[in-house]
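S.K.: The structure follows.
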Amino acid sequence: TYNCTHIHRLHMIVHGFDWDKGNKTKCQRHGLTLEEIESVFLGQPFVLTNEKHSSLEERFHAVGETAAGRYAYIVFTFRLRTEETRIRPISARFMHQKEIEHYERQRKK
C-alpha cells in the first residue's frame with residue numbers, strides 16, 4: 001500500500017495501481033516506464049485537482065521525481081477495485097524545463 005498525504009491534505013491508503021491495456025499504452029507513449037510512473041507516487045509528489053477536465057470522475061495532476069531523479073507529470077484518478085482504492089494513471093510524460101524550474105521553486109518554499 002502507498003500513503004498519499006499530499007492529496008487535498010487528506011491521508012489516504014492506496015492499494016497499488018489500476019493498469020490495463022488502455023492506460024499502459026497511453027502512459028508509456030512519452031517514454032516513461034510503468035515502474036517510473038509508480039515511483040513518483042512513492043516519493044512526495046505535488047498533487048492538484050483537475051476540476052475542468054471531467055465531470056464523470058475527479059482527476060488529479062501529480063508532479064514529482066521518479067526513483068532515478070527524473071521529473072514527471074502524471075494525470076490520474078482513483079478507482080475502487082475489489083473494495084480497495086487504487087491509483088489509475090491516465091497519461092504521463094516528462095516535465096518541460098519551465099515546469100521543472102517551477103516545481104523546484106515550489107519545493108523550496
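In the C-alpha cells, chains take the letters A, B, ... in the order shown, each chain's residues start at 1, and ligands count up from 1 in the order shown.
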Neighbours of segment 57-71 of chain A within 10 Å (only C-alpha atoms; same-chain residues fewer than 3 positions away dropped), as a PyMOL selection string?
M.R.: chain A and resi 6-7+32+35-54+74-79+88-97+99-100+103-104+107
S.K.: Please, what distance in Å, to one decimal, runs between atom CA of Tyr73 of chain A and atom CA of Thr85 of chain A?
M.R.: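 Result for atom CA of Tyr73 of chain A versus atom CA of Thr85 of chain A: 21.0 Å, one decimal.
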S.K.: Determine, counting only C-alpha atoms, which protein, DNA and RNA residues have an atom within 8 Å of an atom of Glu84 of chain A; residues of the same chain fewer than 3 positions away are not included. Present the result as a list in words.
M.R.: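 Within the cut-off, the hits are Val14, His15, Leu80 and Arg81 of chain A.
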S.K.: Report the distance between atom CA of Ala72 of chain A and atom CA of Thr33 of chain A in Å, rounded to one decimal place.
M.R.: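 Computing the Euclidean distance for atom CA of Ala72 of chain A and atom CA of Thr33 of chain A yields 11.0 Å.
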